[in-house]
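A.B. asks: I'm passing along target_27.cif; it holds mmCIF, C-alpha atoms.
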data_target
loop_
_atom_site.group_PDB
_atom_site.id
_atom_site.type_symbol
_atom_site.label_atom_id
_atom_site.label_comp_id
_atom_site.auth_asym_id
_atom_site.auth_seq_id
_atom_site.Cartn_x
_atom_site.Cartn_y
_atom_site.Cartn_z
ATOM 1 C CA MET A 1 151.493 -130.825 57.763
ATOM 2 C CA ARG A 2 155.138 -130.152 57.162
ATOM 3 C CA PHE A 3 157.375 -129.933 60.200
ATOM 4 C CA SER A 4 158.242 -126.285 59.596
ATOM 5 C CA THR A 5 154.559 -125.372 59.382
ATOM 6 C CA LEU A 6 153.768 -127.304 62.550
ATOM 7 C CA ALA A 7 156.612 -125.590 64.357
ATOM 8 C CA THR A 8 155.327 -122.199 63.282
ATOM 9 C CA VAL A 9 151.868 -123.025 64.584
ATOM 10 C CA LEU A 10 153.226 -124.242 67.913
ATOM 11 C CA VAL A 11 155.390 -121.170 68.361
ATOM 12 C CA ALA A 12 152.430 -118.963 67.564
ATOM 13 C CA MET A 13 150.386 -120.714 70.258
ATOM 14 C CA VAL A 14 152.889 -120.118 73.043
ATOM 15 C CA PRO A 15 151.725 -116.594 73.925
ATOM 16 C CA LEU A 16 148.200 -117.944 74.378
ATOM 17 C CA ALA A 17 149.309 -120.012 77.335
ATOM 18 C CA HIS A 18 148.583 -118.047 80.508
ATOM 19 C CA ALA A 19 150.834 -118.264 83.504
ATOM 20 C CA ALA A 20 148.476 -117.844 86.437
ATOM 21 C CA ASP A 21 149.264 -114.738 88.470
ATOM 22 C CA ALA A 22 148.150 -114.952 92.093
ATOM 23 C CA ASP A 23 148.896 -111.263 92.723
ATOM 24 C CA ARG A 24 146.636 -110.197 89.890
ATOM 25 C CA GLY A 25 144.194 -112.793 91.153
ATOM 26 C CA ALA A 26 144.171 -111.039 94.527
ATOM 27 C CA GLU A 27 143.120 -107.805 92.861
ATOM 28 C CA LEU A 28 140.461 -109.568 90.828
ATOM 29 C CA TRP A 29 139.201 -111.410 93.898
ATOM 30 C CA GLU A 30 138.927 -108.126 95.798
ATOM 31 C CA GLN A 31 137.017 -106.547 92.924
ATOM 32 C CA ARG A 32 134.738 -109.417 92.003
ATOM 33 C CA CYS A 33 134.338 -111.794 94.905
ATOM 34 C CA THR A 34 134.163 -109.674 98.055
ATOM 35 C CA GLY A 35 130.567 -108.696 97.427
ATOM 36 C CA CYS A 36 129.646 -112.108 98.811
ATOM 37 C CA HIS A 37 132.826 -113.697 100.172
ATOM 38 C CA SER A 38 135.528 -113.052 102.738
ATOM 39 C CA LEU A 39 138.629 -115.115 103.283
ATOM 40 C CA ASP A 40 137.894 -115.965 106.900
ATOM 41 C CA ALA A 41 134.197 -115.317 107.507
ATOM 42 C CA ASN A 42 131.047 -116.821 106.098
ATOM 43 C CA ARG A 43 128.857 -114.161 104.545
ATOM 44 C CA VAL A 44 126.432 -114.530 101.655
ATOM 45 C CA GLY A 45 128.889 -117.143 100.457
ATOM 46 C CA PRO A 46 131.246 -119.370 102.420
ATOM 47 C CA LYS A 47 134.707 -118.288 103.518
ATOM 48 C CA HIS A 48 137.335 -118.791 100.869
ATOM 49 C CA ARG A 49 140.520 -119.548 102.772
ATOM 50 C CA GLY A 50 141.161 -123.240 102.405
ATOM 51 C CA VAL A 51 138.732 -123.690 99.536
ATOM 52 C CA PHE A 52 141.419 -125.134 97.275
ATOM 53 C CA GLY A 53 141.590 -128.841 97.952
ATOM 54 C CA ARG A 54 138.407 -128.798 99.985
ATOM 55 C CA LYS A 55 135.329 -130.806 99.132
ATOM 56 C CA ALA A 56 132.403 -128.718 97.948
ATOM 57 C CA GLY A 57 129.899 -127.951 100.670
ATOM 58 C CA ALA A 58 132.314 -128.753 103.460
ATOM 59 C CA VAL A 59 132.478 -125.559 105.541
ATOM 60 C CA ALA A 60 130.777 -126.779 108.680
ATOM 61 C CA ASP A 61 129.000 -123.615 109.712
ATOM 62 C CA PHE A 62 127.761 -122.513 106.294
ATOM 63 C CA ARG A 63 124.329 -123.432 104.954
ATOM 64 C CA TYR A 64 124.788 -124.622 101.385
ATOM 65 C CA SER A 65 122.272 -125.305 98.667
ATOM 66 C CA THR A 66 121.239 -128.931 98.408
ATOM 67 C CA GLY A 67 123.092 -129.188 95.114
ATOM 68 C CA VAL A 68 126.424 -128.052 96.489
ATOM 69 C CA GLY A 69 125.912 -129.799 99.817
ATOM 70 C CA ASN A 70 125.400 -133.141 98.086
ATOM 71 C CA SER A 71 128.164 -132.644 95.543
ATOM 72 C CA SER A 72 131.228 -134.856 95.491
ATOM 73 C CA VAL A 73 133.291 -132.173 93.771
ATOM 74 C CA VAL A 74 136.693 -131.373 95.233
ATOM 75 C CA TRP A 75 137.947 -127.886 94.409
ATOM 76 C CA ASN A 76 141.045 -127.776 92.247
ATOM 77 C CA GLU A 77 142.153 -125.832 89.155
ATOM 78 C CA THR A 78 139.820 -127.755 86.866
ATOM 79 C CA THR A 79 136.720 -127.803 89.037
ATOM 80 C CA LEU A 80 137.084 -124.187 90.126
ATOM 81 C CA ASP A 81 137.503 -123.157 86.508
ATOM 82 C CA ARG A 82 134.291 -124.936 85.556
ATOM 83 C CA TRP A 83 132.530 -123.483 88.589
ATOM 84 C CA LEU A 84 133.561 -119.914 87.842
ATOM 85 C CA THR A 85 132.659 -120.355 84.179
ATOM 86 C CA ASN A 86 129.053 -121.197 85.001
ATOM 87 C CA PRO A 87 128.270 -122.415 88.518
ATOM 88 C CA GLN A 88 124.714 -123.528 87.923
ATOM 89 C CA ALA A 89 125.739 -125.517 84.856
ATOM 90 C CA PHE A 90 128.519 -127.251 86.804
ATOM 91 C CA ILE A 91 126.523 -128.138 89.930
ATOM 92 C CA ALA A 92 122.783 -128.389 89.475
ATOM 93 C CA GLY A 93 120.903 -126.537 92.157
ATOM 94 C CA ALA A 94 123.743 -124.166 92.995
ATOM 95 C CA ARG A 95 122.635 -120.774 94.230
ATOM 96 C CA MET A 96 125.640 -118.910 92.844
ATOM 97 C CA GLY A 97 125.077 -117.422 89.426
ATOM 98 C CA PHE A 98 128.160 -115.227 89.326
ATOM 99 C CA ARG A 99 130.360 -115.938 86.324
ATOM 100 C CA VAL A 100 133.908 -114.959 85.462
ATOM 101 C CA GLY A 101 134.002 -114.844 81.694
ATOM 102 C CA GLU A 102 137.711 -114.572 80.909
ATOM 103 C CA VAL A 103 139.926 -117.655 81.071
ATOM 104 C CA ALA A 104 142.933 -115.675 82.314
ATOM 105 C CA ASP A 105 140.876 -113.991 85.036
ATOM 106 C CA ARG A 106 139.617 -117.343 86.283
ATOM 107 C CA ALA A 107 143.130 -118.764 86.305
ATOM 108 C CA ASP A 108 144.467 -115.825 88.295
ATOM 109 C CA ILE A 109 141.638 -115.917 90.840
ATOM 110 C CA ILE A 110 142.149 -119.659 91.254
ATOM 111 C CA ALA A 111 145.900 -119.111 91.723
ATOM 112 C CA PHE A 112 145.098 -116.610 94.475
ATOM 113 C CA LEU A 113 142.667 -118.992 96.165
ATOM 114 C CA LYS A 114 145.256 -121.760 95.961
ATOM 115 C CA ARG A 115 147.879 -119.536 97.553
ATOM 116 C CA GLU A 116 145.509 -118.435 100.317
ATOM 117 C CA SER A 117 144.720 -122.072 100.947
ATOM 118 C CA GLY A 118 148.389 -122.696 101.729
ATOM 119 C CA MET A 119 149.137 -124.643 98.559
ATOM 120 C CA MET B 1 137.552 -87.510 109.818
ATOM 121 C CA SER B 2 136.236 -84.208 108.613
ATOM 122 C CA ASN B 3 134.999 -85.141 105.161
ATOM 123 C CA THR B 4 131.427 -84.192 104.503
ATOM 124 C CA ILE B 5 129.005 -84.962 101.750
ATOM 125 C CA ILE B 6 127.331 -82.058 100.010
ATOM 126 C CA LEU B 7 123.897 -83.293 99.131
ATOM 127 C CA PRO B 8 121.926 -82.022 96.183
ATOM 128 C CA SER B 9 118.691 -80.454 97.356
ATOM 129 C CA SER B 10 116.678 -83.237 95.738
ATOM 130 C CA ILE B 11 118.460 -85.828 97.864
ATOM 131 C CA ASN B 12 117.990 -83.747 100.979
ATOM 132 C CA GLN B 13 114.299 -83.590 100.187
ATOM 133 C CA ALA B 14 114.195 -87.339 99.650
ATOM 134 C CA VAL B 15 115.897 -87.959 102.980
ATOM 135 C CA SER B 16 113.491 -85.622 104.727
ATOM 136 C CA ARG B 17 110.507 -87.259 103.090
ATOM 137 C CA ARG B 18 111.694 -90.695 104.130
ATOM 138 C CA ARG B 19 112.010 -89.537 107.698
ATOM 139 C CA LEU B 20 108.519 -88.153 107.609
ATOM 140 C CA LEU B 21 107.139 -91.343 106.113
ATOM 141 C CA GLY B 22 109.281 -93.924 107.736
ATOM 142 C CA GLY B 23 110.603 -92.657 111.013
ATOM 143 C CA SER B 24 114.235 -93.619 111.545
ATOM 144 C CA GLY B 25 115.063 -94.629 108.042
ATOM 145 C CA GLN B 26 112.452 -97.363 107.778
ATOM 146 C CA ALA B 27 111.945 -98.605 104.244
ATOM 147 C CA VAL B 28 109.354 -96.884 102.177
ATOM 148 C CA LEU B 29 108.771 -99.344 99.417
ATOM 149 C CA SER B 30 107.946 -97.917 96.057
ATOM 150 C CA ALA B 31 104.893 -99.666 94.693
ATOM 151 C CA GLY B 32 106.335 -99.081 91.271
ATOM 152 C CA ALA B 33 109.504 -100.952 92.141
ATOM 153 C CA VAL B 34 107.606 -104.002 93.266
ATOM 154 C CA ALA B 35 105.348 -103.870 90.238
ATOM 155 C CA LEU B 36 108.356 -103.571 88.014
ATOM 156 C CA LEU B 37 110.064 -106.585 89.484
ATOM 157 C CA ALA B 38 107.044 -108.699 90.263
ATOM 158 C CA GLY B 39 105.265 -107.868 87.030
ATOM 159 C CA CYS B 40 108.106 -109.045 84.893
ATOM 160 C CA ALA B 41 107.835 -112.473 86.439
ATOM 161 C CA GLY B 42 104.479 -113.270 84.920
ATOM 162 C CA GLY B 43 105.677 -115.507 82.136
ATOM 163 C CA MET B 44 108.695 -116.953 83.814
ATOM 164 C CA ALA B 45 107.478 -120.168 85.320
ATOM 165 C CA SER B 46 107.542 -122.092 82.053
ATOM 166 C CA SER B 47 110.517 -124.134 83.137
ATOM 167 C CA SER B 48 110.784 -125.069 86.773
ATOM 168 C CA ASN B 49 114.541 -125.533 86.579
ATOM 169 C CA THR B 50 114.989 -122.216 84.846
ATOM 170 C CA ALA B 51 112.818 -120.453 87.379
ATOM 171 C CA ALA B 52 114.544 -122.257 90.244
ATOM 172 C CA ASN B 53 117.953 -121.097 89.053
ATOM 173 C CA ASP B 54 116.734 -117.530 88.717
ATOM 174 C CA VAL B 55 115.120 -117.693 92.157
ATOM 175 C CA ALA B 56 118.385 -118.965 93.608
ATOM 176 C CA ILE B 57 120.289 -116.035 92.128
ATOM 177 C CA LEU B 58 117.665 -113.590 93.352
ATOM 178 C CA ASN B 59 117.950 -115.034 96.832
ATOM 179 C CA VAL B 60 121.718 -114.541 96.796
ATOM 180 C CA ALA B 61 121.046 -110.944 95.793
ATOM 181 C CA LEU B 62 118.568 -110.680 98.633
ATOM 182 C CA GLY B 63 121.251 -111.907 101.004
ATOM 183 C CA LEU B 64 123.534 -109.159 99.748
ATOM 184 C CA GLU B 65 120.858 -106.563 100.393
ATOM 185 C CA HIS B 66 120.238 -107.881 103.920
ATOM 186 C CA GLU B 67 123.954 -107.556 104.592
ATOM 187 C CA ALA B 68 124.119 -104.027 103.169
ATOM 188 C CA ILE B 69 121.181 -102.936 105.328
ATOM 189 C CA ALA B 70 122.912 -104.383 108.374
ATOM 190 C CA ALA B 71 126.206 -102.699 107.499
ATOM 191 C CA TYR B 72 124.588 -99.274 107.299
ATOM 192 C CA GLN B 73 122.733 -100.009 110.522
ATOM 193 C CA LEU B 74 126.014 -100.816 112.233
ATOM 194 C CA GLY B 75 127.455 -97.593 110.855
ATOM 195 C CA ALA B 76 124.480 -95.519 111.946
ATOM 196 C CA GLU B 77 124.532 -96.974 115.452
ATOM 197 C CA SER B 78 128.282 -96.532 115.801
ATOM 198 C CA LYS B 79 127.848 -92.807 116.614
ATOM 199 C CA LEU B 80 130.897 -92.233 114.446
ATOM 200 C CA LEU B 81 129.102 -90.530 111.568
ATOM 201 C CA ASP B 82 128.772 -86.786 111.160
ATOM 202 C CA LYS B 83 125.251 -85.582 110.518
ATOM 203 C CA PRO B 84 125.511 -85.120 106.732
ATOM 204 C CA VAL B 85 127.217 -88.480 106.350
ATOM 205 C CA LEU B 86 124.617 -90.135 108.544
ATOM 206 C CA ASP B 87 121.899 -88.677 106.326
ATOM 207 C CA VAL B 88 123.463 -90.247 103.280
ATOM 208 C CA ALA B 89 123.947 -93.557 105.068
ATOM 209 C CA VAL B 90 120.245 -93.549 105.945
ATOM 210 C CA LEU B 91 119.354 -92.759 102.340
ATOM 211 C CA PHE B 92 121.566 -95.525 100.949
ATOM 212 C CA GLN B 93 120.175 -97.948 103.531
ATOM 213 C CA ALA B 94 116.682 -96.998 102.385
ATOM 214 C CA HIS B 95 117.680 -97.824 98.803
ATOM 215 C CA HIS B 96 118.860 -101.240 99.963
ATOM 216 C CA LYS B 97 115.585 -101.776 101.814
ATOM 217 C CA GLU B 98 113.709 -101.044 98.608
ATOM 218 C CA HIS B 99 115.960 -103.508 96.781
ATOM 219 C CA ARG B 100 115.319 -106.067 99.517
ATOM 220 C CA ASP B 101 111.560 -105.703 99.387
ATOM 221 C CA ALA B 102 111.419 -105.797 95.610
ATOM 222 C CA LEU B 103 113.672 -108.860 95.425
ATOM 223 C CA ALA B 104 111.664 -110.669 98.098
ATOM 224 C CA ALA B 105 108.436 -109.903 96.249
ATOM 225 C CA THR B 106 109.888 -111.295 93.044
ATOM 226 C CA VAL B 107 111.145 -114.459 94.734
ATOM 227 C CA ARG B 108 107.638 -115.018 96.089
ATOM 228 C CA LYS B 109 106.106 -114.281 92.704
ATOM 229 C CA LEU B 110 108.306 -116.990 91.210
ATOM 230 C CA GLY B 111 107.207 -119.483 93.847
ATOM 231 C CA GLY B 112 110.307 -119.283 95.992
ATOM 232 C CA MET B 113 110.889 -118.538 99.636
ATOM 233 C CA PRO B 114 112.826 -115.334 100.279
ATOM 234 C CA VAL B 115 115.919 -115.844 102.388
ATOM 235 C CA ASP B 116 115.699 -114.258 105.833
ATOM 236 C CA ALA B 117 118.151 -111.776 107.259
ATOM 237 C CA LYS B 118 120.652 -113.066 109.791
ATOM 238 C CA GLY B 119 120.961 -111.594 113.242
ATOM 239 C CA MET B 120 122.822 -108.296 113.639
ATOM 240 C CA GLY B 121 125.433 -110.022 115.764
ATOM 241 C CA GLU B 122 126.227 -112.408 112.958
ATOM 242 C CA TYR B 123 126.652 -109.549 110.500
ATOM 243 C CA ALA B 124 128.802 -107.635 112.963
ATOM 244 C CA THR B 125 131.115 -110.607 113.318
ATOM 245 C CA ALA B 126 131.287 -111.384 109.607
ATOM 246 C CA LEU B 127 131.985 -107.742 108.735
ATOM 247 C CA ASN B 128 134.510 -107.382 111.539
ATOM 248 C CA ALA B 129 132.582 -104.458 112.982
ATOM 249 C CA GLY B 130 134.772 -104.502 116.077
ATOM 250 C CA ALA B 131 137.598 -103.034 114.006
ATOM 251 C CA ILE B 132 135.570 -99.957 113.060
ATOM 252 C CA LYS B 133 136.944 -97.003 114.993
ATOM 253 C CA SER B 134 136.209 -93.966 112.841
ATOM 254 C CA GLN B 135 133.868 -92.488 110.273
ATOM 255 C CA GLY B 136 136.471 -93.334 107.657
ATOM 256 C CA ASP B 137 136.375 -96.988 108.694
ATOM 257 C CA VAL B 138 132.592 -97.024 108.301
ATOM 258 C CA LEU B 139 132.808 -95.428 104.883
ATOM 259 C CA MET B 140 135.593 -97.752 103.751
ATOM 260 C CA LEU B 141 133.500 -100.761 104.710
ATOM 261 C CA ALA B 142 130.455 -99.328 102.963
ATOM 262 C CA ALA B 143 132.425 -98.489 99.827
ATOM 263 C CA ARG B 144 133.912 -101.984 99.695
ATOM 264 C CA LEU B 145 130.510 -103.593 100.070
ATOM 265 C CA GLU B 146 128.902 -101.322 97.486
ATOM 266 C CA ARG B 147 131.628 -101.979 94.934
ATOM 267 C CA GLY B 148 131.386 -105.691 95.655
ATOM 268 C CA ALA B 149 127.638 -105.634 95.254
ATOM 269 C CA ALA B 150 127.865 -103.752 91.959
ATOM 270 C CA ASN B 151 130.303 -106.318 90.646
ATOM 271 C CA ALA B 152 128.171 -109.171 91.975
ATOM 272 C CA TYR B 153 125.101 -107.912 90.154
ATOM 273 C CA LEU B 154 127.068 -107.454 86.946
ATOM 274 C CA GLY B 155 128.512 -110.941 87.289
ATOM 275 C CA VAL B 156 125.152 -112.683 87.515
ATOM 276 C CA ILE B 157 123.592 -110.961 84.500
ATOM 277 C CA PRO B 158 124.692 -113.697 82.054
ATOM 278 C CA SER B 159 123.139 -116.376 84.270
ATOM 279 C CA PHE B 160 119.594 -115.057 84.317
ATOM 280 C CA LYS B 161 117.408 -116.955 81.909
ATOM 281 C CA ASP B 162 114.891 -114.139 81.896
ATOM 282 C CA ALA B 163 116.119 -111.025 80.153
ATOM 283 C CA GLU B 164 113.952 -108.779 82.306
ATOM 284 C CA LEU B 165 115.624 -110.079 85.456
ATOM 285 C CA ALA B 166 118.996 -109.470 83.834
ATOM 286 C CA LYS B 167 117.926 -105.905 83.182
ATOM 287 C CA ILE B 168 116.884 -105.505 86.806
ATOM 288 C CA ALA B 169 120.291 -106.796 87.893
ATOM 289 C CA GLY B 170 121.821 -104.072 85.753
ATOM 290 C CA ARG B 171 119.649 -101.451 87.402
ATOM 291 C CA LEU B 172 120.579 -102.713 90.857
ATOM 292 C CA ALA B 173 124.250 -102.590 89.858
ATOM 293 C CA ALA B 174 123.749 -98.986 88.799
ATOM 294 C CA ASP B 175 122.375 -98.090 92.230
ATOM 295 C CA GLU B 176 125.315 -99.778 93.968
ATOM 296 C CA THR B 177 127.742 -98.020 91.636
ATOM 297 C CA MET B 178 126.141 -94.694 92.443
ATOM 298 C CA HIS B 179 126.573 -95.453 96.143
ATOM 299 C CA TRP B 180 130.211 -96.447 95.648
ATOM 300 C CA THR B 181 130.947 -93.327 93.626
ATOM 301 C CA ALA B 182 129.543 -91.048 96.332
ATOM 302 C CA LEU B 183 131.444 -92.884 99.060
ATOM 303 C CA ALA B 184 134.679 -92.895 97.069
ATOM 304 C CA GLY B 185 134.328 -89.154 96.664
ATOM 305 C CA VAL B 186 134.014 -88.596 100.375
ATOM 306 C CA LEU B 187 136.977 -90.873 100.981
ATOM 307 C CA LYS B 188 138.939 -88.913 98.361
ATOM 308 C CA GLN B 189 139.683 -92.121 96.504
ATOM 309 C CA ASN B 190 140.829 -91.787 92.926
ATOM 310 C CA LEU B 191 138.246 -92.569 90.325
ATOM 311 C CA PRO B 192 139.183 -95.463 88.036
ATOM 312 C CA ALA B 193 141.755 -94.313 85.493
ATOM 313 C CA LYS B 194 140.345 -96.568 82.812
ATOM 314 C CA ALA B 195 136.876 -97.172 81.508
ATOM 315 C CA LEU B 196 135.019 -100.453 82.079
ATOM 316 C CA SER B 197 136.594 -100.860 85.495
ATOM 317 C CA PHE B 198 133.652 -102.724 87.024
ATOM 318 C CA ALA B 199 133.397 -106.475 86.637
ATOM 319 C CA ALA B 200 136.928 -106.349 85.302
#
Give the structure from this file in structure tokens form.

C.D. replies:
Amino acid sequence: MRFSTLATVLVAMVPLAHAADADRGAELWEQRCTGCHSLDANRVGPKHRGVFGRKAGAVADFRYSTGVGNSSVVWNETTLDRWLTNPQAFIAGARMGFRVGEVADRADIIAFLKRESGM
Amino acid sequence: MSNTIILPSSINQAVSRRRLLGGSGQAVLSAGAVALLAGCAGGMASSSNTAANDVAILNVALGLEHEAIAAYQLGAESKLLDKPVLDVAVLFQAHHKEHRDALAATVRKLGGMPVDAKGMGEYATALNAGAIKSQGDVLMLAARLERGAANAYLGVIPSFKDAELAKIAGRLAADETMHWTALAGVLKQNLPAKALSFAA
């Protein structure tokens, strides 16, 4: 590939990169996640504040599935992205089946969770 | 808050019938609903992992329904609701009880153990019921939960291995959306400006 062609391809790819937007993530989280989750209270799902950087299944007073409870996963951008893409495919035995289909939506929700976790 | 809900006569009749049949809003389970959900499970146990995943999702849904029932109970017992609003709350709670019973029946049909409801005190704490001071607060909480439940049901549709269960999730989402729409109207909230606003 000639340099000029490669440069054109790279320039064309730039808009595809998504800068995660925690504010938009807050709106998405409110819309999509609050059916089961709160930031500071365990409900159908565990509380979300502090989830970023936390080991899976580590909220002391929440009863997890065996799969999540035994998991060694630590939640970060990569693991949360895989989780939100398809939870039951990422951790066998997970109860959560809720998926977020769009890459940008997942990134923004994760950015919000990271911010709310003080990171 | 002086907002009231104008009920179509058919809904008023349904509320009255429920009271006759079920006392203070007790669930009157439609046999058809159970048959619909339980019947579709007949051929589903071919893969234990597949069934287990579907059961897990159904149990999460059941947990949502338990919470919704508790939320409406908290609202009804708050003495903050005007009579017409209370009637609608009782009706919506009855819908959630039908969802609960149908989901529990399906979980059992698939060989699972339906998740139990938590204690009312636990729901009150988790939903911050202590902060509810007005009818508007009750309705705001209910609207938030209904919208969340609608989105939750829509979000699990791709995960169901059985297409019939996915369809049921869509029907449950429709019920929750209907609840949210009614509540949003009472709260004078703007309807979404754009289409496809749920699960988005």

A.B. asks: Take the PyMOL selection byres ((chain A) within 10 of (chain B)), run it mentally on this structure, and tell me the resulting residues as a VMD selection string.

C.D. replies: chain A and resid 27 to 38 40 to 45 47 65 86 to 89 92 to 102 105

A.B. asks: Which residues are close to Leu113 (chain A), i.e. within 12 Å by all atoms listed in the file, leaving aside same-chain residues fewer than 3 positions away? Reply as a ChimeraX atom specification.

C.D. replies: /A:20-30,33,37-39,47-54,75-77,80-81,106-110,116-119

A.B. asks: At what distance in Å, to one decimal, does CA of Ala111 (chain A) lie from CA of Thr79 (chain A)?

C.D. replies: 12.9 Å

A.B. asks: One decimal, in Å: what's the spacing between CA of Ala124 (chain B) and CA of Leu74 (chain B)?

C.D. replies: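 Atom-to-atom, CA of Ala124 (chain B) and CA of Leu74 (chain B) are spaced 7.4 Å apart.
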
A.B. asks: Quick one: distance from CA of Val85 (chain B) to CA of Ala174 (chain B) in Å, one decimal?

C.D. replies: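 CA of Val85 (chain B) sits 20.7 Å away from CA of Ala174 (chain B).
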
A.B. asks: Decode the PyMOL selection byres ((chain B and resi 186-193) around 9) for the given file into explicit residues and return them as a PyMOL selection string.

C.D. replies: chain B and resi 3-5+136+139-140+143+181-185+194-197

A.B. asks: Please expand the PyMOL selection byres ((chain A and resi 55) around 6) into the concrete residues it hits in this file, giving the result as a tab-separated table (two decimals) with C-alpha atoms, in the coordinates of the input.

C.D. replies:
chain	number	residue	atom	x	y	z
A	54	ARG	CA	138.41	-128.80	99.98
A	56	ALA	CA	132.40	-128.72	97.95
A	58	ALA	CA	132.31	-128.75	103.46
A	73	VAL	CA	133.29	-132.17	93.77
A	74	VAL	CA	136.69	-131.37	95.23

A.B. asks: Identify which of the residues B:Ala71, B:Ala94, B:Ala142, B:Ala105 lies closest to Gly121 (chain B), counting only C-alpha atoms when measuring atom-to-atom distances.

C.D. replies: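 Ranking B:Ala71, B:Ala94, B:Ala142, B:Ala105 by distance to Gly121 (chain B), first place goes to B:Ala71.
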
A.B. asks: Kindly list the centre and edge lengths in Å, rounded to one decimal, for the axis-aligned box that covers all listed atoms of region 71-84 of chain A plus 8 Å on each of its six sides, as JSON.

C.D. replies:
{"center_x": 135.2, "center_y": -127.4, "center_z": 90.5, "size_x": 30.0, "size_y": 30.9, "size_z": 26.0}

A.B. asks: Pick the closest to Ile168 (chain B) from B:Ile69, B:Met120, B:Leu103, B:Ala76: which is it, counting only C-alpha atoms?

C.D. replies: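 Closest residue, counting only C-alpha atoms: B:Leu103.
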